[in-house]
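So this block is structure26.pdb, PDB, C-alpha atoms:
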```pdb
MODEL        1
ATOM      1  CA  THR A  24      59.293  -8.642   0.317  1.00  0.00           C
ATOM      2  CA  ARG A  25      58.414  -6.356   3.204  1.00  0.00           C
ATOM      3  CA  SER A  26      60.678  -6.449   6.248  1.00  0.00           C
ATOM      4  CA  VAL A  27      59.881  -5.589   9.861  1.00  0.00           C
ATOM      5  CA  VAL A  28      62.450  -5.394  12.661  1.00  0.00           C
ATOM      6  CA  LEU A  29      61.648  -5.583  16.371  1.00  0.00           C
ATOM      7  CA  ALA A  30      64.461  -4.134  18.504  1.00  0.00           C
ATOM      8  CA  HIS A  31      65.154  -3.239  22.121  1.00  0.00           C
ATOM      9  CA  ALA A  32      67.407  -0.188  21.992  1.00  0.00           C
ATOM     10  CA  PHE A  33      67.862   3.481  22.808  1.00  0.00           C
ATOM     11  CA  VAL A  34      67.801   5.167  19.409  1.00  0.00           C
ATOM     12  CA  THR A  35      69.245   8.654  19.086  1.00  0.00           C
ATOM     13  CA  GLY A  36      66.472  11.239  19.170  1.00  0.00           C
ATOM     14  CA  GLY A  37      64.269   9.293  21.557  1.00  0.00           C
ATOM     15  CA  GLU A  38      63.033  10.848  24.808  1.00  0.00           C
ATOM     16  CA  ASP A  39      63.659   8.774  27.923  1.00  0.00           C
ATOM     17  CA  SER A  40      62.063   8.721  31.384  1.00  0.00           C
ATOM     18  CA  ASP A  41      63.152   7.641  34.864  1.00  0.00           C
ATOM     19  CA  SER A  42      61.760   4.130  34.587  1.00  0.00           C
ATOM     20  CA  GLU A  43      63.922   2.609  31.856  1.00  0.00           C
ATOM     21  CA  ARG A  44      66.867   0.590  33.063  1.00  0.00           C
ATOM     22  CA  ASP A  45      70.340   1.541  31.828  1.00  0.00           C
ATOM     23  CA  ILE A  46      71.303  -0.663  28.859  1.00  0.00           C
ATOM     24  CA  THR A  47      74.637   1.054  28.184  1.00  0.00           C
ATOM     25  CA  VAL A  48      77.327  -1.509  27.351  1.00  0.00           C
ATOM     26  CA  GLY A  49      80.861  -0.728  26.239  1.00  0.00           C
ATOM     27  CA  GLY A  50      80.297   2.982  26.726  1.00  0.00           C
ATOM     28  CA  GLU A  51      77.695   3.107  23.931  1.00  0.00           C
ATOM     29  CA  ALA A  52      74.460   4.629  25.241  1.00  0.00           C
ATOM     30  CA  ALA A  53      72.485   5.007  21.987  1.00  0.00           C
ATOM     31  CA  VAL A  54      72.430   3.921  18.357  1.00  0.00           C
ATOM     32  CA  PRO A  55      71.549   6.080  15.336  1.00  0.00           C
ATOM     33  CA  ALA A  56      68.268   5.578  13.517  1.00  0.00           C
ATOM     34  CA  GLY A  57      70.311   4.858  10.383  1.00  0.00           C
ATOM     35  CA  VAL A  58      70.980   1.380  11.773  1.00  0.00           C
ATOM     36  CA  PHE A  59      67.500   0.500  10.504  1.00  0.00           C
ATOM     37  CA  ASP A  60      67.977   1.857   6.966  1.00  0.00           C
ATOM     38  CA  GLY A  61      66.760  -0.663   4.400  1.00  0.00           C
ATOM     39  CA  VAL A  62      63.915  -2.169   6.422  1.00  0.00           C
ATOM     40  CA  ASP A  63      60.305  -1.218   5.902  1.00  0.00           C
ATOM     41  CA  TYR A  64      59.502  -0.737   9.575  1.00  0.00           C
ATOM     42  CA  ALA A  65      61.308  -0.883  12.930  1.00  0.00           C
ATOM     43  CA  ALA A  66      59.084  -1.443  15.989  1.00  0.00           C
ATOM     44  CA  LEU A  67      61.173  -0.363  18.967  1.00  0.00           C
ATOM     45  CA  GLY A  68      61.018  -1.204  22.636  1.00  0.00           C
ATOM     46  CA  HIS A  69      62.875   0.175  25.682  1.00  0.00           C
ATOM     47  CA  LEU A  70      61.672   3.800  25.915  1.00  0.00           C
ATOM     48  CA  HIS A  71      58.335   4.055  27.705  1.00  0.00           C
ATOM     49  CA  GLY A  72      56.952   7.066  25.818  1.00  0.00           C
ATOM     50  CA  CYS A  73      55.126   6.589  22.519  1.00  0.00           C
ATOM     51  CA  GLN A  74      57.150   8.472  19.901  1.00  0.00           C
ATOM     52  CA  THR A  75      58.130   8.661  16.253  1.00  0.00           C
ATOM     53  CA  ILE A  76      61.838   8.749  15.405  1.00  0.00           C
ATOM     54  CA  THR A  77      61.179   8.584  11.657  1.00  0.00           C
ATOM     55  CA  GLU A  78      58.160   7.489   9.629  1.00  0.00           C
ATOM     56  CA  ARG A  79      59.579   3.947   9.652  1.00  0.00           C
ATOM     57  CA  VAL A  80      61.120   3.884  13.146  1.00  0.00           C
ATOM     58  CA  ARG A  81      58.780   4.209  16.124  1.00  0.00           C
ATOM     59  CA  TYR A  82      58.404   3.415  19.806  1.00  0.00           C
ATOM     60  CA  SER A  83      54.955   2.295  20.929  1.00  0.00           C
ATOM     61  CA  GLY A  84      55.942   2.920  24.563  1.00  0.00           C
ATOM     62  CA  SER A  85      54.770   0.979  27.596  1.00  0.00           C
ATOM     63  CA  PRO A  86      51.035   0.285  27.901  1.00  0.00           C
ATOM     64  CA  LEU A  87      51.081   1.423  31.554  1.00  0.00           C
ATOM     65  CA  PRO A  88      53.200   4.018  33.390  1.00  0.00           C
ATOM     66  CA  TYR A  89      56.065   2.604  35.479  1.00  0.00           C
ATOM     67  CA  SER A  90      57.218   5.750  37.267  1.00  0.00           C
ATOM     68  CA  PHE A  91      55.955   9.235  37.995  1.00  0.00           C
ATOM     69  CA  SER A  92      58.235  10.599  35.272  1.00  0.00           C
ATOM     70  CA  GLU A  93      55.583   9.191  32.918  1.00  0.00           C
ATOM     71  CA  ALA A  94      52.751  11.193  34.455  1.00  0.00           C
ATOM     72  CA  GLU A  95      52.362  13.283  31.289  1.00  0.00           C
ATOM     73  CA  HIS A  96      52.567  10.340  28.869  1.00  0.00           C
ATOM     74  CA  ARG A  97      49.646   9.438  26.661  1.00  0.00           C
ATOM     75  CA  LYS A  98      49.795   5.628  26.775  1.00  0.00           C
ATOM     76  CA  SER A  99      49.114   4.164  23.368  1.00  0.00           C
ATOM     77  CA  MET A 100      50.357   1.827  20.642  1.00  0.00           C
ATOM     78  CA  TRP A 101      50.894   2.018  16.913  1.00  0.00           C
ATOM     79  CA  LEU A 102      48.608   0.124  14.544  1.00  0.00           C
ATOM     80  CA  VAL A 103      50.774  -0.097  11.423  1.00  0.00           C
ATOM     81  CA  ASP A 104      49.839  -1.075   7.879  1.00  0.00           C
ATOM     82  CA  LEU A 105      52.458  -1.763   5.206  1.00  0.00           C
ATOM     83  CA  ASP A 106      51.088  -1.809   1.675  1.00  0.00           C
ATOM     84  CA  ALA A 107      52.471  -3.985  -1.109  1.00  0.00           C
ATOM     85  CA  ASP A 108      55.201  -1.411  -1.814  1.00  0.00           C
ATOM     86  CA  GLY A 109      56.188  -1.013   1.853  1.00  0.00           C
ATOM     87  CA  ARG A 110      54.526   2.363   2.347  1.00  0.00           C
ATOM     88  CA  VAL A 111      53.705   2.978   6.017  1.00  0.00           C
ATOM     89  CA  THR A 112      50.368   3.995   7.469  1.00  0.00           C
ATOM     90  CA  ALA A 113      50.406   4.284  11.263  1.00  0.00           C
ATOM     91  CA  GLU A 114      47.450   4.982  13.558  1.00  0.00           C
ATOM     92  CA  ARG A 115      47.966   5.775  17.239  1.00  0.00           C
ATOM     93  CA  VAL A 116      45.583   3.769  19.424  1.00  0.00           C
ATOM     94  CA  ASP A 117      45.096   4.673  23.089  1.00  0.00           C
ATOM     95  CA  CYS A 118      45.691   2.056  25.793  1.00  0.00           C
ATOM     96  CA  PRO A 119      43.255   1.794  28.713  1.00  0.00           C
ATOM     97  CA  VAL A 120      44.933   3.177  31.855  1.00  0.00           C
ATOM     98  CA  PRO A 121      42.972   2.209  35.004  1.00  0.00           C
ATOM     99  CA  ARG A 122      44.273   5.088  37.119  1.00  0.00           C
ATOM    100  CA  ALA A 123      46.131   8.258  36.126  1.00  0.00           C
ATOM    101  CA  LEU A 124      49.390   9.497  37.675  1.00  0.00           C
ATOM    102  CA  ALA A 125      49.763  12.945  39.183  1.00  0.00           C
ATOM    103  CA  ARG A 126      52.693  14.920  40.546  1.00  0.00           C
ATOM    104  CA  ILE A 127      51.774  17.674  42.981  1.00  0.00           C
ATOM    105  CA  ARG A 128      54.078  20.132  44.724  1.00  0.00           C
ATOM    106  CA  GLY A 129      53.759  22.688  47.514  1.00  0.00           C
ATOM    107  CA  THR A 130      53.579  22.967  51.268  1.00  0.00           C
ATOM    108  CA  LEU A 131      51.396  20.407  53.006  1.00  0.00           C
ATOM    109  CA  GLU A 132      48.743  22.992  53.847  1.00  0.00           C
ATOM    110  CA  GLU A 133      48.676  24.212  50.230  1.00  0.00           C
ATOM    111  CA  LEU A 134      48.191  20.676  48.895  1.00  0.00           C
ATOM    112  CA  LEU A 135      45.392  19.975  51.351  1.00  0.00           C
ATOM    113  CA  ALA A 136      43.550  23.208  50.597  1.00  0.00           C
ATOM    114  CA  ASP A 137      44.087  23.922  46.877  1.00  0.00           C
ATOM    115  CA  PRO A 138      40.738  23.378  45.078  1.00  0.00           C
ATOM    116  CA  GLY A 139      42.572  23.043  41.768  1.00  0.00           C
ATOM    117  CA  LEU A 140      44.014  19.712  42.905  1.00  0.00           C
ATOM    118  CA  ALA A 141      40.605  18.080  43.301  1.00  0.00           C
ATOM    119  CA  ARG A 142      41.006  16.471  39.866  1.00  0.00           C
ATOM    120  CA  HIS A 143      43.894  14.362  41.238  1.00  0.00           C
ATOM    121  CA  GLN A 144      42.018  12.820  44.171  1.00  0.00           C
ATOM    122  CA  ASP A 145      41.498   9.513  42.322  1.00  0.00           C
ATOM    123  CA  ALA A 146      45.010   9.400  40.822  1.00  0.00           C
ATOM    124  CA  TRP A 147      48.190   7.695  41.951  1.00  0.00           C
ATOM    125  CA  VAL A 148      49.966  10.657  43.530  1.00  0.00           C
ATOM    126  CA  GLU A 149      53.560  11.687  44.089  1.00  0.00           C
ATOM    127  CA  ALA A 150      53.595  14.649  46.475  1.00  0.00           C
ATOM    128  CA  THR A 151      56.630  16.913  46.844  1.00  0.00           C
ATOM    129  CA  LEU A 152      56.493  18.930  50.063  1.00  0.00           C
ATOM    130  CA  THR A 153      58.321  22.251  50.101  1.00  0.00           C
ATOM    131  CA  ASP A 154      57.779  23.018  53.795  1.00  0.00           C
ATOM    132  CA  PRO A 155      61.013  24.408  55.336  1.00  0.00           C
ATOM    133  CA  VAL A 156      60.481  22.018  58.287  1.00  0.00           C
ATOM    134  CA  ARG A 157      59.080  18.525  57.844  1.00  0.00           C
ATOM    135  CA  PRO A 158      55.446  18.561  59.040  1.00  0.00           C
ATOM    136  CA  ALA A 159      53.964  15.946  61.362  1.00  0.00           C
ATOM    137  CA  ASP A 160      52.249  12.870  59.834  1.00  0.00           C
ATOM    138  CA  PRO A 161      52.403  14.177  56.247  1.00  0.00           C
ATOM    139  CA  MET A 162      51.521  10.878  54.540  1.00  0.00           C
ATOM    140  CA  ALA A 163      48.498  10.214  56.732  1.00  0.00           C
ATOM    141  CA  ARG A 164      47.213  13.739  56.248  1.00  0.00           C
ATOM    142  CA  LEU A 165      47.731  13.634  52.488  1.00  0.00           C
ATOM    143  CA  ALA A 166      45.973  10.267  52.260  1.00  0.00           C
ATOM    144  CA  GLU A 167      42.831  11.809  53.699  1.00  0.00           C
ATOM    145  CA  ARG A 168      42.486  13.893  50.543  1.00  0.00           C
ATOM    146  CA  PHE A 169      44.552  11.796  48.085  1.00  0.00           C
ATOM    147  CA  PRO A 170      43.924   8.182  49.169  1.00  0.00           C
ATOM    148  CA  HIS A 171      46.166   6.758  46.429  1.00  0.00           C
ATOM    149  CA  THR A 172      49.309   8.661  47.405  1.00  0.00           C
ATOM    150  CA  LEU A 173      52.284   6.402  46.699  1.00  0.00           C
ATOM    151  CA  ASN A 174      55.352   8.583  47.024  1.00  0.00           C
ATOM    152  CA  LEU A 175      56.309  11.429  49.321  1.00  0.00           C
ATOM    153  CA  VAL A 176      59.299  13.656  48.523  1.00  0.00           C
ATOM    154  CA  PHE A 177      60.722  16.351  50.781  1.00  0.00           C
ATOM    155  CA  ALA A 178      62.277  19.290  48.930  1.00  0.00           C
ATOM    156  CA  PRO A 179      62.467  22.278  51.301  1.00  0.00           C
ATOM    157  CA  GLU A 180      62.836  25.516  49.381  1.00  0.00           C
ATOM    158  CA  ARG A 181      66.305  26.650  50.427  1.00  0.00           C
ATOM    159  CA  ALA A 182      69.152  28.613  48.888  1.00  0.00           C
ATOM    160  CA  PRO A 183      71.550  26.490  46.765  1.00  0.00           C
ATOM    161  CA  ASP A 184      74.402  27.124  49.227  1.00  0.00           C
ATOM    162  CA  ASP A 185      72.376  26.058  52.266  1.00  0.00           C
ATOM    163  CA  PRO A 186      74.362  23.386  54.176  1.00  0.00           C
ATOM    164  CA  HIS A 187      71.194  21.296  54.504  1.00  0.00           C
ATOM    165  CA  THR A 188      70.987  20.724  50.746  1.00  0.00           C
ATOM    166  CA  SER A 189      70.506  16.981  50.420  1.00  0.00           C
ATOM    167  CA  TYR A 190      73.140  14.557  49.205  1.00  0.00           C
ATOM    168  CA  ALA A 191      70.625  13.137  46.751  1.00  0.00           C
ATOM    169  CA  ARG A 192      70.185  16.544  45.143  1.00  0.00           C
ATOM    170  CA  ARG A 193      73.947  16.903  44.709  1.00  0.00           C
ATOM    171  CA  LEU A 194      73.966  13.566  42.865  1.00  0.00           C
ATOM    172  CA  ALA A 195      71.073  14.418  40.563  1.00  0.00           C
ATOM    173  CA  ASP A 196      71.730  13.941  36.826  1.00  0.00           C
ATOM    174  CA  ARG A 197      75.077  12.215  37.436  1.00  0.00           C
ATOM    175  CA  SER A 198      75.832   8.781  36.000  1.00  0.00           C
ATOM    176  CA  ASP A 199      76.980   5.793  38.044  1.00  0.00           C
ATOM    177  CA  GLN A 200      80.413   6.183  36.477  1.00  0.00           C
ATOM    178  CA  GLN A 201      80.683   9.844  37.496  1.00  0.00           C
ATOM    179  CA  ILE A 202      79.550   9.103  41.045  1.00  0.00           C
ATOM    180  CA  ALA A 203      82.114   6.306  41.383  1.00  0.00           C
ATOM    181  CA  GLU A 204      84.904   8.508  40.034  1.00  0.00           C
ATOM    182  CA  ASP A 205      83.945  11.294  42.429  1.00  0.00           C
ATOM    183  CA  PHE A 206      84.031   8.825  45.320  1.00  0.00           C
ATOM    184  CA  VAL A 207      87.548   7.709  44.373  1.00  0.00           C
ATOM    185  CA  ALA A 208      88.641  11.358  44.262  1.00  0.00           C
ATOM    186  CA  HIS A 209      87.034  12.008  47.659  1.00  0.00           C
ATOM    187  CA  VAL A 210      88.688   9.136  49.511  1.00  0.00           C
ATOM    188  CA  ARG A 211      92.063   9.252  47.765  1.00  0.00           C
ATOM    189  CA  GLY A 212      92.516  12.935  47.047  1.00  0.00           C
ATOM    190  CA  ALA A 213      92.880  12.366  43.290  1.00  0.00           C
ATOM    191  CA  GLY A 214      90.549  10.997  40.664  1.00  0.00           C
ATOM    192  CA  PRO A 215      91.034   7.667  38.840  1.00  0.00           C
ATOM    193  CA  ASP A 216      93.458   7.399  35.942  1.00  0.00           C
ATOM    194  CA  GLU A 217      92.395   6.085  32.545  1.00  0.00           C
ATOM    195  CA  GLN A 218      93.109   2.456  33.447  1.00  0.00           C
ATOM    196  CA  GLU A 219      91.011   2.749  36.610  1.00  0.00           C
ATOM    197  CA  ARG A 220      88.190   4.421  34.668  1.00  0.00           C
ATOM    198  CA  THR A 221      88.204   1.460  32.308  1.00  0.00           C
ATOM    199  CA  VAL A 222      87.966  -0.970  35.232  1.00  0.00           C
ATOM    200  CA  LEU A 223      84.994   0.960  36.643  1.00  0.00           C
ATOM    201  CA  ARG A 224      83.275   1.107  33.244  1.00  0.00           C
ATOM    202  CA  GLU A 225      83.752  -2.644  32.693  1.00  0.00           C
ATOM    203  CA  ALA A 226      82.364  -3.354  36.170  1.00  0.00           C
ATOM    204  CA  PHE A 227      79.227  -1.313  35.509  1.00  0.00           C
ATOM    205  CA  ASP A 228      78.822  -2.939  32.072  1.00  0.00           C
ATOM    206  CA  ALA A 229      79.059  -6.395  33.653  1.00  0.00           C
ATOM    207  CA  VAL A 230      76.376  -5.526  36.211  1.00  0.00           C
ATOM    208  CA  ARG A 231      74.052  -4.176  33.510  1.00  0.00           C
ATOM    209  CA  ALA A 232      74.577  -7.259  31.330  1.00  0.00           C
ATOM    210  CA  ASP A 233      73.857  -9.533  34.315  1.00  0.00           C
ATOM    211  CA  GLU A 234      70.686  -7.584  35.134  1.00  0.00           C
ATOM    212  CA  ALA A 235      69.540  -7.866  31.510  1.00  0.00           C
ATOM    213  CA  GLU A 236      70.098 -11.657  31.527  1.00  0.00           C
ATOM    214  CA  ARG A 237      68.180 -12.078  34.782  1.00  0.00           C
ATOM    215  CA  GLU A 238      65.339  -9.896  33.464  1.00  0.00           C
ATOM    216  CA  VAL A 239      65.043 -12.040  30.322  1.00  0.00           C
ATOM    217  CA  ALA A 240      65.160 -15.223  32.440  1.00  0.00           C
ATOM    218  CA  ARG A 241      62.162 -14.032  34.464  1.00  0.00           C
TER     219      ARG A 241
ENDMDL
END
```

How would this structure read if it were set down as structure tokens?
Amino acid sequence: TRSVVLAHAFVTGGEDSDSERDITVGGEAAVPAGVFDGVDYAALGHLHGCQTITERVRYSGSPLPYSFSEAEHRKSMWLVDLDADGRVTAERVDCPVPRALARIRGTLEELLADPGLARHQDAWVEATLTDPVRPADPMARLAERFPHTLNLVFAPERAPDDPHTSYARRLADRSDQQIAEDFVAHVRGAGPDEQERTVLREAFDAVRADEAEREVAR
């Protein structure tokens, strides 16, 4: 008998993107691929990039991109055959993507003038402006050349110790738990103890579980 498992999980070794929701519960962020030992094939969901963890454990990825972190993804799916003995043959089949994603970066004048960016004029665009001072009407001016611009980011090129460095940049790559613990330390003068960390972790787990239930209900 051949066995196939469908699972929604973050399996160790997978590469994530910005568009997956956090499914960490109980402090456990990922599971090892060995969880699926003994089955002929595990078809995984959750990560949006098509990828192979092992010959028998694969993510097909999302058929469409859901954030600009997926701009470099090749959207596809796995067409899998299992023979009578459970041997796996997998073919990667491309998904039709109506409009590509593009991330462009530079000063506003550079983005408007660079001939190398012409290939992105029909794409959904995220533009990061590096102008030291925010230019006037940047979205309207960008839309004249890139009519499908969706997101505008301001990232002035400044020294790391510049006092104007944004709060968002200081929070980059930090988890909700770390941000909450830092906030406690800021307002109280000392960070949370182990019992308080547990309360914070349980609160975040409860929110994630509630979000997962509401997502399934939709």

Expansion of the PyMOL selection byres ((chain A and resi 99-109) around 7) into residues, as a PyMOL selection string | chain A and resi 25+63+73+83-84+86+97-98+110-118

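Residues lying within 9 Å of segment 145-157 of chain A, counting all atoms listed in the file and ignoring same-chain neighbours fewer than 5 positions away, are A:Phe91, A:Arg122, A:Ala123, A:Leu124, A:Ala125, A:Arg126, A:Ile127, A:Arg128, A:Gly129, A:Thr130, A:Leu131, A:Leu134, A:Leu165, A:Phe169, A:Pro170, A:His171, A:Thr172, A:Leu173, A:Asn174, A:Leu175, A:Val176, A:Phe177, A:Ala178, A:Pro179, A:Glu180, A:Arg181.
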
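Distances here use only C-alpha atoms; by that measure, the residue among A:Gln201, A:Val27, A:Gln144, A:His69 closest to Ala235 of chain A is A:His69.
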
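One finds atom CA of Leu223 of chain A at 13.4 Å from atom CA of Ala208 of chain A.
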
Protein, DNA and RNA residues within 10 Å of (61.0, -3.4, 10.5), all atoms listed in the file, as JSON, numbers by chain = {"A": [25, 26, 27, 28, 29, 30, 59, 60, 61, 62, 63, 64, 65, 66, 67, 79, 80, 81]}

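For the choices A:Pro158, A:Pro88, A:Gly212, A:Gly57, the atom-to-atom distance to Ile76 of chain A is smallest for A:Gly57 when using only C-alpha atoms.
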
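With all atoms listed in the file as the atoms that count, the minimum distance from Thr75 of chain A to the choices A:Ala56, A:Ala94, A:Ala226, A:Ala163 is reached by A:Ala56.
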
Taken to one decimal, the atom CA of Arg220 of chain A-atom CA of Glu204 of chain A distance is 7.5 Å

From the list A:Val222, A:Ala32, A:Val120, A:Ala159, which residue is nearest Glu132 of chain A when using all atoms listed in the file?
-> A:Ala159

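Across the model, the gap from atom CA of Arg197 of chain A to atom CA of Val230 of chain A is 17.8 Å.
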
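Taking all atoms listed in the file into account, Phe227 of chain A lies nearest to A:Ile202 out of the set A:Val54, A:Ile202, A:Ala213, A:Val207.
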